[in-house]
file entry.txt (compact mmCIF, C-alpha atoms and all ligand atoms)
# COMPACT_ATOMS: atom_id res chain seq x y z
CA MET A 24 110.25 101.11 146.16
CA ALA A 25 110.25 100.36 142.48
CA ASP A 26 111.73 103.25 140.61
CA GLY A 27 110.97 103.98 136.94
CA LEU A 28 113.40 105.32 134.37
CA GLN A 29 116.07 102.90 135.50
CA GLU A 30 118.78 102.04 133.05
CA ILE A 31 118.19 98.66 131.38
CA ASN A 32 121.27 96.72 130.41
CA HIS A 33 121.78 95.76 126.79
CA HIS A 34 121.30 92.00 127.30
CA SER A 35 118.01 92.40 129.19
CA LEU A 36 116.65 94.64 126.43
CA SER A 37 117.84 92.33 123.68
CA ASP A 38 116.45 89.22 125.41
CA ALA A 39 113.11 90.94 126.03
CA ARG A 40 112.81 91.70 122.33
CA VAL A 41 113.01 88.02 121.43
CA ALA A 42 111.35 86.47 124.46
CA HIS A 43 108.25 88.62 123.94
CA GLY A 44 108.06 88.45 120.14
CA ALA A 45 104.68 86.67 120.23
CA ALA A 46 103.32 89.14 122.80
CA LEU A 47 104.49 92.02 120.60
CA ASP A 48 102.68 90.49 117.59
CA GLU A 49 99.56 90.20 119.75
CA LEU A 50 99.87 93.82 120.90
CA PHE A 51 100.27 94.97 117.30
CA ALA A 52 97.14 92.99 116.38
CA GLN A 53 95.19 94.47 119.32
CA VAL A 54 96.11 98.01 118.27
CA LEU A 55 94.93 97.17 114.74
CA GLY A 56 91.64 96.11 116.34
CA VAL A 57 91.36 99.51 118.07
CA LEU A 58 92.11 101.30 114.80
CA HIS A 59 89.46 99.23 113.05
CA ARG A 60 86.92 100.01 115.79
CA HIS A 61 87.56 103.71 115.22
CA GLU A 62 86.92 103.12 111.50
CA LEU A 63 90.45 104.14 110.61
CA ILE A 64 91.20 100.95 108.67
CA THR A 65 88.96 100.01 105.77
CA LEU A 66 91.07 97.60 103.65
CA GLU A 67 89.52 99.22 100.59
CA ARG A 68 92.91 100.23 99.24
CA VAL A 69 96.23 98.93 100.59
CA THR A 70 99.73 99.73 99.36
CA GLN A 71 102.71 97.40 99.60
CA ASP A 72 106.28 98.66 99.78
CA GLY A 73 109.65 97.57 101.09
CA THR A 74 112.69 99.41 102.37
CA LYS A 75 116.19 98.24 103.11
CA VAL A 76 117.32 98.76 106.70
CA ARG A 77 120.99 98.19 107.44
CA ALA A 78 121.83 95.11 109.46
CA ASN A 79 123.94 95.32 112.61
CA VAL A 80 126.79 93.48 110.96
CA ASP A 81 130.10 94.35 109.37
CA LYS A 82 130.60 93.74 105.65
CA SER A 83 133.89 92.00 106.35
CA SER A 84 132.16 89.26 108.39
CA PHE A 85 130.56 87.84 105.21
CA GLY A 86 132.19 84.75 103.79
CA ARG A 87 131.74 82.25 101.00
CA ARG A 88 130.89 78.60 101.61
CA ASP A 89 134.45 77.27 101.72
CA ALA A 90 135.58 79.87 104.25
CA VAL A 91 132.52 79.45 106.48
CA ALA A 92 132.81 75.63 106.35
CA ALA A 93 136.50 75.85 107.32
CA HIS A 94 135.68 78.11 110.30
CA LEU A 95 132.90 75.71 111.31
CA GLU A 96 135.32 72.80 111.34
CA LEU A 97 137.74 74.79 113.49
CA ALA A 98 134.89 75.72 115.86
CA ARG A 99 133.95 72.04 116.26
CA LYS A 100 137.57 71.10 116.97
CA HIS A 101 137.69 73.88 119.54
CA ILE A 102 134.57 72.47 121.28
CA ALA A 103 136.11 68.99 121.32
CA GLU A 104 139.28 70.47 122.81
CA LEU A 105 137.30 72.33 125.50
CA ASN A 106 135.47 69.11 126.40
CA ARG A 107 138.78 67.31 126.71
CA GLN A 108 140.30 70.09 128.84
CA ALA A 109 137.21 70.18 131.07
CA THR A 110 138.10 66.78 132.47
CA GLU A 111 141.80 67.56 132.82
CA GLN A 112 141.89 71.15 134.16
CA GLU A 113 140.50 70.65 137.62
CA GLN A 114 141.94 73.97 138.85
CA VAL A 115 139.77 76.01 136.38
CA PRO A 116 136.46 77.05 138.03
CA GLN A 117 133.34 75.29 136.69
CA ARG A 118 131.67 78.62 135.83
CA GLN A 119 134.62 79.62 133.68
CA LYS A 120 134.58 76.26 131.88
CA ALA A 121 130.83 76.51 131.27
CA ALA A 122 131.17 80.07 129.91
CA ARG A 123 133.91 78.99 127.50
CA LYS A 124 131.84 76.04 126.30
CA ARG A 125 128.75 78.19 125.84
CA ALA A 126 130.69 80.78 123.82
CA ALA A 127 132.18 78.04 121.63
CA ARG A 128 128.76 76.41 121.09
CA GLU A 129 127.19 79.74 120.17
CA ARG A 130 129.94 80.39 117.65
CA GLU A 131 129.41 76.94 116.14
CA GLN A 132 125.65 77.59 115.89
CA ARG A 133 126.20 80.95 114.20
CA LEU A 134 128.59 79.42 111.67
CA GLN A 135 126.17 76.55 111.00
CA ALA A 136 123.36 79.07 110.47
CA ALA A 137 125.53 81.02 107.99
CA LEU A 138 126.35 77.79 106.14
CA ASN A 139 122.64 76.86 106.01
CA THR A 140 121.86 80.30 104.57
CA ILE A 141 124.49 79.91 101.84
CA ASP A 142 123.14 76.44 100.93
CA ARG A 143 119.57 77.76 100.85
CA LEU A 144 120.52 80.72 98.65
CA GLN A 145 122.39 78.45 96.25
CA LYS A 146 119.38 76.16 96.08
CA GLU A 147 116.91 78.97 95.53
CA LYS A 148 119.25 80.71 93.09
CA LEU A 149 118.03 84.03 94.43
CA GLN A 150 121.41 85.56 93.78
CA ASP A 151 123.28 86.08 90.56
CA LYS A 152 124.61 82.65 89.51
CA ALA A 153 127.94 84.20 88.56
CA LYS A 154 128.35 85.56 92.09
CA PRO A 155 129.00 83.00 94.83
CA CYS A 156 126.53 83.20 97.72
CA GLN A 157 127.77 84.65 100.98
CA ALA A 158 126.53 84.89 104.55
CA SER A 159 127.70 86.33 107.85
CA PRO A 160 127.94 84.26 111.04
CA THR A 161 127.23 87.49 112.95
CA ASP A 162 123.74 87.72 111.40
CA SER A 163 123.04 84.85 109.02
CA ASP A 164 119.73 86.45 107.95
CA ALA A 165 121.33 89.65 106.63
CA GLN A 166 122.13 89.93 102.94
CA PHE A 167 123.81 92.51 100.73
CA MET A 168 121.13 94.78 99.26
CA ARG A 169 121.03 98.03 97.31
CA THR A 170 120.29 100.89 99.67
CA GLY A 171 118.58 104.21 98.97
CA ASP A 172 121.91 105.95 98.43
CA GLN A 173 122.72 103.40 95.68
CA GLY A 174 125.27 101.69 97.90
CA LEU A 175 125.50 97.97 98.60
CA ALA A 176 125.30 97.05 102.28
CA PRO A 177 124.21 94.16 104.54
CA CYS A 178 120.50 94.80 105.14
CA HIS A 179 117.13 93.34 105.99
CA ASN A 180 114.17 94.10 103.72
CA VAL A 181 111.30 95.57 105.78
CA GLN A 182 107.90 95.06 104.13
CA LEU A 183 104.99 97.29 105.13
CA SER A 184 101.36 97.06 104.01
CA CYS A 185 99.65 100.39 104.50
CA ASP A 186 95.91 101.12 104.46
CA ALA A 187 95.41 104.12 102.17
CA ALA A 188 92.45 105.56 104.11
CA HIS A 189 94.64 106.95 106.93
CA LYS A 190 98.15 105.71 106.09
CA LEU A 191 98.08 103.11 108.86
CA ILE A 192 100.33 100.05 108.80
CA VAL A 193 98.27 96.84 108.62
CA SER A 194 101.08 94.32 108.20
CA VAL A 195 104.83 94.13 108.88
CA ALA A 196 107.39 91.58 107.76
CA VAL A 197 111.15 91.32 107.51
CA THR A 198 112.79 89.25 104.81
CA SER A 199 116.32 88.44 103.67
CA GLU A 200 115.31 88.64 100.02
CA PRO A 201 116.77 91.74 98.38
CA SER A 202 114.03 91.73 95.73
CA ASP A 203 110.40 92.69 96.36
CA ALA A 204 109.23 90.53 93.45
CA HIS A 205 108.06 87.66 95.68
CA GLN A 206 106.65 89.73 98.55
CA LEU A 207 103.13 90.57 97.36
CA MET A 208 101.47 87.20 98.03
CA PRO A 209 103.02 86.76 101.51
CA ALA A 210 101.70 90.26 102.33
CA LEU A 211 98.21 89.25 101.17
CA ASP A 212 98.49 86.06 103.27
CA ARG A 213 99.36 88.08 106.38
CA ILE A 214 96.51 90.54 105.83
CA GLU A 215 94.03 87.71 105.20
CA GLN A 216 95.19 85.91 108.34
CA GLN A 217 94.78 89.07 110.42
CA TRP A 218 91.52 90.34 108.94
CA SER A 219 89.93 87.17 107.50
CA ARG A 220 89.67 88.95 104.16
CA VAL A 221 91.93 90.43 101.50
CA PRO A 222 92.02 94.12 100.52
CA GLU A 223 89.70 95.21 97.73
CA GLN A 224 92.56 96.98 95.96
CA MET A 225 96.30 96.54 96.31
CA ILE A 226 98.85 99.01 94.90
CA ALA A 227 102.57 98.32 94.53
CA ASP A 228 105.40 99.59 92.38
CA GLY A 229 107.17 97.93 89.48
CA ASP A 230 109.30 95.74 91.76
CA TYR A 231 106.14 93.79 92.69
CA THR A 232 104.45 94.00 89.31
CA ASN A 233 105.12 90.79 87.47
CA ARG A 234 103.11 88.17 85.67
CA LYS A 235 102.96 85.79 88.63
CA ASN A 236 101.68 88.44 91.07
CA VAL A 237 99.17 89.87 88.59
CA ILE A 238 97.64 86.42 87.99
CA ALA A 239 97.73 85.39 91.67
CA ALA A 240 96.15 88.67 92.83
CA ALA A 241 93.34 88.30 90.26
CA GLU A 242 92.71 84.71 91.33
CA ARG A 243 92.38 85.88 94.95
CA GLY A 244 89.88 88.54 93.98
CA VAL A 245 92.22 91.47 94.61
CA ASP A 246 92.10 94.42 92.21
CA PHE A 247 95.84 94.97 91.75
CA TYR A 248 97.38 98.21 90.47
CA GLY A 249 101.05 98.21 89.53
CA SER A 250 103.64 99.62 87.21
CA TRP A 251 104.38 97.34 84.29
CA GLY A 252 105.16 98.19 80.69
CA ALA A 253 102.46 97.47 78.13
CA LEU A 254 102.45 94.19 76.20
CA ALA A 255 104.67 95.71 73.57
CA GLU A 256 104.90 94.25 70.11
CA ALA A 257 108.44 93.15 69.31
CA PRO A 258 110.20 95.79 67.23
CA PRO A 259 109.80 95.00 63.53
CA ALA A 260 112.79 93.79 61.58
CA HIS A 261 114.52 96.56 59.72
CA GLY A 262 112.77 97.51 56.52
CA ILE A 263 109.33 95.96 57.21
CA ALA A 264 106.60 98.37 56.13
CA GLU A 265 104.00 99.59 58.65
CA ALA A 266 101.22 97.68 56.92
CA TYR A 267 103.08 94.34 57.29
CA ARG A 268 104.08 94.48 60.94
CA THR A 269 103.10 91.59 63.22
CA SER A 270 100.01 93.47 64.42
CA ALA A 271 98.71 93.42 60.82
CA PHE A 272 98.54 89.58 60.91
CA ARG A 273 95.26 88.09 62.17
CA TYR A 274 94.92 84.83 64.11
CA ASP A 275 92.35 82.36 62.78
CA ALA A 276 91.51 80.09 65.73
CA SER A 277 89.39 77.67 63.65
CA ARG A 278 92.41 76.74 61.49
CA HIS A 279 95.11 77.64 64.04
CA VAL A 280 96.94 79.78 61.50
CA MET A 281 97.92 83.44 61.21
CA ILE A 282 96.53 85.23 58.15
CA CYS A 283 98.83 87.77 56.51
CA PRO A 284 97.56 91.06 54.93
CA GLN A 285 97.61 89.32 51.53
CA GLY A 286 95.33 86.54 52.83
CA GLN A 287 97.99 83.83 52.97
CA GLY A 288 97.83 81.41 55.93
CA LEU A 289 100.97 80.95 58.09
CA ARG A 290 101.25 77.52 59.75
CA HIS A 291 102.15 76.97 63.42
CA LYS A 292 105.77 75.84 63.64
CA SER A 293 106.73 75.85 67.32
CA THR A 294 105.84 77.11 70.82
CA THR A 295 108.32 78.53 73.33
CA THR A 296 107.79 79.23 77.04
CA LEU A 297 109.23 82.63 77.90
CA ALA A 298 110.87 83.68 81.15
CA GLY A 299 107.95 84.52 83.46
CA GLY A 300 105.64 81.83 82.12
CA ALA A 301 103.98 83.34 79.03
CA ARG A 302 104.16 81.33 75.80
CA GLU A 303 105.05 82.39 72.30
CA GLN A 304 103.94 80.62 69.14
CA LEU A 305 105.93 80.85 65.90
CA PHE A 306 104.01 80.84 62.60
CA VAL A 307 105.68 80.64 59.18
CA ALA A 308 104.44 81.35 55.68
CA PRO A 309 105.09 78.92 52.78
CA ARG A 310 108.28 79.86 50.98
CA ALA A 311 106.71 79.69 47.54
CA ALA A 312 103.79 81.96 48.52
CA CYS A 313 106.08 84.72 49.75
CA GLN A 314 108.43 84.41 46.76
CA ALA A 315 105.47 85.00 44.46
CA CYS A 316 103.90 87.73 46.61
CA PRO A 317 103.74 91.30 45.22
CA ALA A 318 104.29 92.64 48.80
CA ARG A 319 107.40 90.57 49.37
CA VAL A 320 109.79 93.56 49.61
CA GLU A 321 107.59 95.44 52.13
CA CYS A 322 106.74 92.32 54.16
CA THR A 323 109.94 90.33 54.34
CA PRO A 324 112.82 92.40 52.98
CA GLN A 325 115.62 90.53 54.81
CA ASN A 326 114.27 87.00 54.54
CA GLN A 327 116.34 84.97 52.08
CA MET A 328 113.62 82.30 52.23
CA SER A 329 116.01 79.39 52.42
CA LYS A 330 113.51 77.33 54.45
CA HIS A 331 110.26 79.24 54.71
CA GLY A 332 108.68 82.62 54.04
CA ARG A 333 107.73 85.34 56.54
CA ALA A 334 107.80 84.33 60.22
CA VAL A 335 105.50 85.89 62.84
CA ARG A 336 105.39 85.37 66.61
CA ARG A 337 102.13 85.30 68.58
CA LEU A 338 102.17 85.86 72.36
CA ILE A 339 99.85 83.59 74.38
CA GLU A 340 99.14 85.55 77.53
CA ASP A 341 96.98 84.79 80.55
CA PRO A 342 93.62 86.64 80.33
CA ASN A 343 94.30 88.18 83.77
CA VAL A 344 97.51 89.76 82.44
CA ILE A 345 95.76 91.08 79.34
CA GLN A 346 93.01 92.56 81.54
CA PHE A 347 95.63 94.09 83.85
CA HIS A 348 97.37 95.84 80.95
CA ALA A 349 94.06 97.08 79.57
CA LYS A 350 93.10 98.41 83.01
CA MET A 351 96.44 100.14 83.62
CA ALA A 352 96.09 101.91 80.27
CA THR A 353 93.01 103.79 81.58
CA ALA A 354 93.19 107.24 83.18
CA GLU A 355 91.24 105.96 86.22
CA ALA A 356 93.78 103.23 86.96
CA ARG A 357 96.68 105.62 86.51
CA ALA A 358 95.05 108.05 88.97
CA ILE A 359 94.70 105.24 91.54
CA TYR A 360 98.32 104.17 91.01
CA LYS A 361 99.46 107.77 91.59
CA GLN A 362 98.27 107.43 95.20
CA ARG A 363 100.86 104.73 95.84
CA SER A 364 103.87 106.88 96.52
CA PRO A 365 102.39 109.32 99.10
CA VAL A 366 100.76 106.45 101.03
CA ALA A 367 103.35 103.68 100.77
CA GLU A 368 106.46 105.76 101.29
CA PHE A 369 105.17 107.89 104.18
CA PRO A 370 105.46 105.25 106.96
CA HIS A 371 108.89 104.14 105.74
CA ALA A 372 110.14 107.75 105.80
CA TRP A 373 108.60 108.29 109.26
CA LEU A 374 110.20 105.17 110.73
CA LYS A 375 113.58 106.19 109.36
CA ASN A 376 113.49 109.93 110.03
CA LYS A 377 111.48 110.13 113.26
CA LEU A 378 112.43 106.84 114.90
CA GLY A 379 115.90 106.50 113.40
CA LEU A 380 115.20 103.03 112.00
CA THR A 381 118.06 103.26 109.52
CA ARG A 382 120.06 100.47 111.14
CA PHE A 383 118.85 97.60 113.30
CA ARG A 384 120.29 97.37 116.81
CA THR A 385 119.75 93.61 117.06
CA ARG A 386 120.71 90.63 114.89
CA GLY A 387 118.80 87.73 113.39
CA ARG A 388 115.39 87.92 111.74
CA ALA A 389 113.39 87.18 114.91
CA ARG A 390 115.01 90.07 116.76
CA VAL A 391 114.97 92.57 113.90
CA LYS A 392 111.32 91.73 113.25
CA CYS A 393 110.57 92.68 116.86
CA GLU A 394 112.34 96.01 116.26
CA ALA A 395 110.31 96.57 113.11
CA ILE A 396 107.03 95.68 114.88
CA LEU A 397 107.86 98.05 117.76
CA ALA A 398 108.54 100.84 115.26
CA ALA A 399 105.30 100.14 113.33
CA LEU A 400 103.37 100.02 116.62
CA THR A 401 104.76 103.42 117.60
CA TYR A 402 103.85 104.79 114.18
CA ASN A 403 100.26 103.46 114.34
CA LEU A 404 99.71 104.76 117.88
CA GLN A 405 100.92 108.26 117.05
CA ARG A 406 98.61 108.22 113.99
CA LEU A 407 95.72 107.09 116.21
CA PHE A 408 96.33 109.90 118.73
CA ARG A 409 96.55 112.40 115.90
CA LEU A 410 93.42 111.17 114.12
CA ARG A 411 91.32 110.46 117.23
CA PRO A 412 92.69 112.72 120.00
CA LEU A 413 89.76 111.88 122.29
CA VAL A 414 90.97 108.27 122.51
CA VAL A 415 93.68 109.40 124.96
CA ALA A 416 91.56 111.95 126.81
S1 LIG B 501 105.31 88.04 51.83
FE1 LIG B 501 104.31 86.20 52.45
S2 LIG B 501 103.50 86.66 54.49
FE2 LIG B 501 104.05 88.58 53.54
S3 LIG B 501 102.18 89.35 52.67
FE3 LIG B 501 103.22 88.20 51.09
S4 LIG B 501 102.45 86.12 51.24
FE4 LIG B 501 101.88 87.20 53.07
call {"tool": "encode", "arguments": {"input": "entry.txt", "output": "structure tokens", "more": "lines below"}}
Ligand code: SF4
result
Amino acid sequence: MADGLQEINHHSLSDARVAHGAALDELFAQVLGVLHRHELITLERVTQDGTKVRANVDKSSFGRRDAVAAHLELARKHIAELNRQATEQEQVPQRQKAARKRAAREREQRLQAALNTIDRLQKEKLQDKAKPCQASPTDSDAQFMRTGDQGLAPCHNVQLSCDAAHKLIVSVAVTSEPSDAHQLMPALDRIEQQWSRVPEQMIADGDYTNRKNVIAAAERGVDFYGSWGALAEAPPAHGIAEAYRTSAFRYDASRHVMICPQGQGLRHKSTTTLAGGAREQLFVAPRAACQACPARVECTPQNQMSKHGRAVRRLIEDPNVIQFHAKMATAEARAIYKQRSPVAEFPHAWLKNKLGLTRFRTRGRARVKCEAILAALTYNLQRLFRLRPLVVA
């Protein structure tokens, strides 16, 4: 008779996690359907947040390209040697030969995967250029990331999208990218794929709040709330009087000039593209006009006027970014943003504290994603039973 509660060996459990990844995704989607049917998911307001979960890999297994490539070469020589021995050593059982070959092939594949990761990271320049890229053959998808305790450890970045109505997880992903900066649009893609629509509002912290995401969210019709400093005016050069700061200069679009407080036109000299994509135009006043100006000392105290008079920079920003900053300056937007932390951080804390998801038990993104989905599924089901107890009656 089949008996429950039997001990499952490690390999069976690990293999099941990967072999049934698609079924697990489907189960997660079906549970989302149940939650939606019980009107527990509205997609009116969704938060996005990531947390670093330690990878099941030792720091010392990470290597730079040269070291990994050298190990890969050795692994290939070892495979060639095993193939040669296989024909010579007739006394060694076939099973033993096959096991040795399989182990050698798996090692070669892991080293090749680590080398591919290093090449990809170097190409994408996701890491500090000064620091050579590294990867581990034990888990080529793990990367060093800052953890909550300010340490640096091999981790995977678990991304959760959480519906604010009842703090239910509507999307899960695992990425090797330490930064959250590029994770907002993939999260919207996943939600749209699952629900055939995007959330009305999306809230995320400063790690996600950048020019690219603000513009992309607006273009997709998502009302995005994030934490980003205001479009601050560059600090004035020392000695410039309040009345002659950059904000006191007016742009005249018909002549494409800036008009100074004394009515003098400043001509457009150059345009620079800033990091992030915004542009900055430089306008300069005629040297002779500033030399003769009665406000010269207040307006341009440090300018020796060797080439031109006062210089002023004008930021050319996308209208969506300007609107975002104007919106985030309102009390209403700030009140909405305040809801981010209690909603977004609750599921992460629950998964870590209640389910112990502080370190993955498996390796490789496919397996760790299955672990993350299982944890999110558990979280959603316990929320369902708490919110709708009659569902289980
Ligand atoms: S110093 Fe030049 S730019 Fe400044 S107020 Fe006078 S004319 Fe205008």
call {"tool": "closest_atom_pairs", "arguments": {"input": "entry.txt", "of": "chain A", "to": "ligand LIG 501 (chain B)", "cutoff": "7 Å", "atoms": "only C-alpha atoms and all ligand atoms", "output": "tab-separated table"}}
result
residue	atom	partner	partner_atom	distance
A:Tyr267	CA	B:LIG501	S3	6.9
A:Cys283	CA	B:LIG501	FE4	4.6
A:Pro284	CA	B:LIG501	S3	5.4
A:Gln285	CA	B:LIG501	S3	4.7
A:Gly286	CA	B:LIG501	FE4	6.6
A:Gln287	CA	B:LIG501	FE4	5.1
A:Ala308	CA	B:LIG501	S2	5.5
A:Ala312	CA	B:LIG501	S4	5.1
A:Cys313	CA	B:LIG501	FE1	3.6
A:Gln314	CA	B:LIG501	S1	7.0
A:Cys316	CA	B:LIG501	FE3	4.6
A:Pro317	CA	B:LIG501	FE3	6.7
A:Ala318	CA	B:LIG501	FE3	5.1
A:Arg319	CA	B:LIG501	S1	4.1
A:Cys322	CA	B:LIG501	FE2	4.6
A:Thr323	CA	B:LIG501	S1	5.7
A:Gly332	CA	B:LIG501	FE1	5.9
A:Arg333	CA	B:LIG501	S2	4.9
call {"tool": "atom_distance", "arguments": {"input": "entry.txt", "atom1": "CA of Val57 (chain A)", "atom2": "CA of Asp212 (chain A)"}}
result
21.2 Å
call {"tool": "atom_distance", "arguments": {"input": "entry.txt", "atom1": "CA of Val221 (chain A)", "atom2": "CA of Arg234 (chain A)"}}
result
19.5 Å
call {"tool": "residues_around", "arguments": {"input": "entry.txt", "residues": "Ala93 (chain A)", "least_positions_apart": "6", "cutoff": "12 Å", "atoms": "only C-alpha atoms", "output": "PyMOL selection string"}}
result
chain A and resi 86-87+99-100+131+134-135+138
call {"tool": "closest_residue", "arguments": {"input": "entry.txt", "among": "A:Cys156, A:Leu338, A:Leu58, A:Leu47", "to": "Val91 (chain A)", "atoms": "all atoms listed in the file"}}
result
A:Cys156
call {"tool": "closest_residue", "arguments": {"input": "entry.txt", "among": "A:Val307, A:Ala398, A:Ala52, A:Met351", "to": "Arg213 (chain A)", "atoms": "all atoms listed in the file"}}
result
A:Ala52
call {"tool": "atom_distance", "arguments": {"input": "entry.txt", "atom1": "CA of Thr74 (chain A)", "atom2": "CA of Asn233 (chain A)"}}
result
18.8 Å
call {"tool": "residues_around", "arguments": {"input": "entry.txt", "residues": "Gln132 (chain A)", "least_positions_apart": "3", "cutoff": "12 Å", "atoms": "all atoms listed in the file", "output": "list in words"}}
result
Val91, His94, Leu95, Glu96, Ala98, Arg99, Ile102, Arg125, Ala126, Ala127, Arg128, Glu129, Gln135, Ala136, Ala137, Leu138, Asn139, Pro160, Thr161, Asp162 and Ser163 of chain A
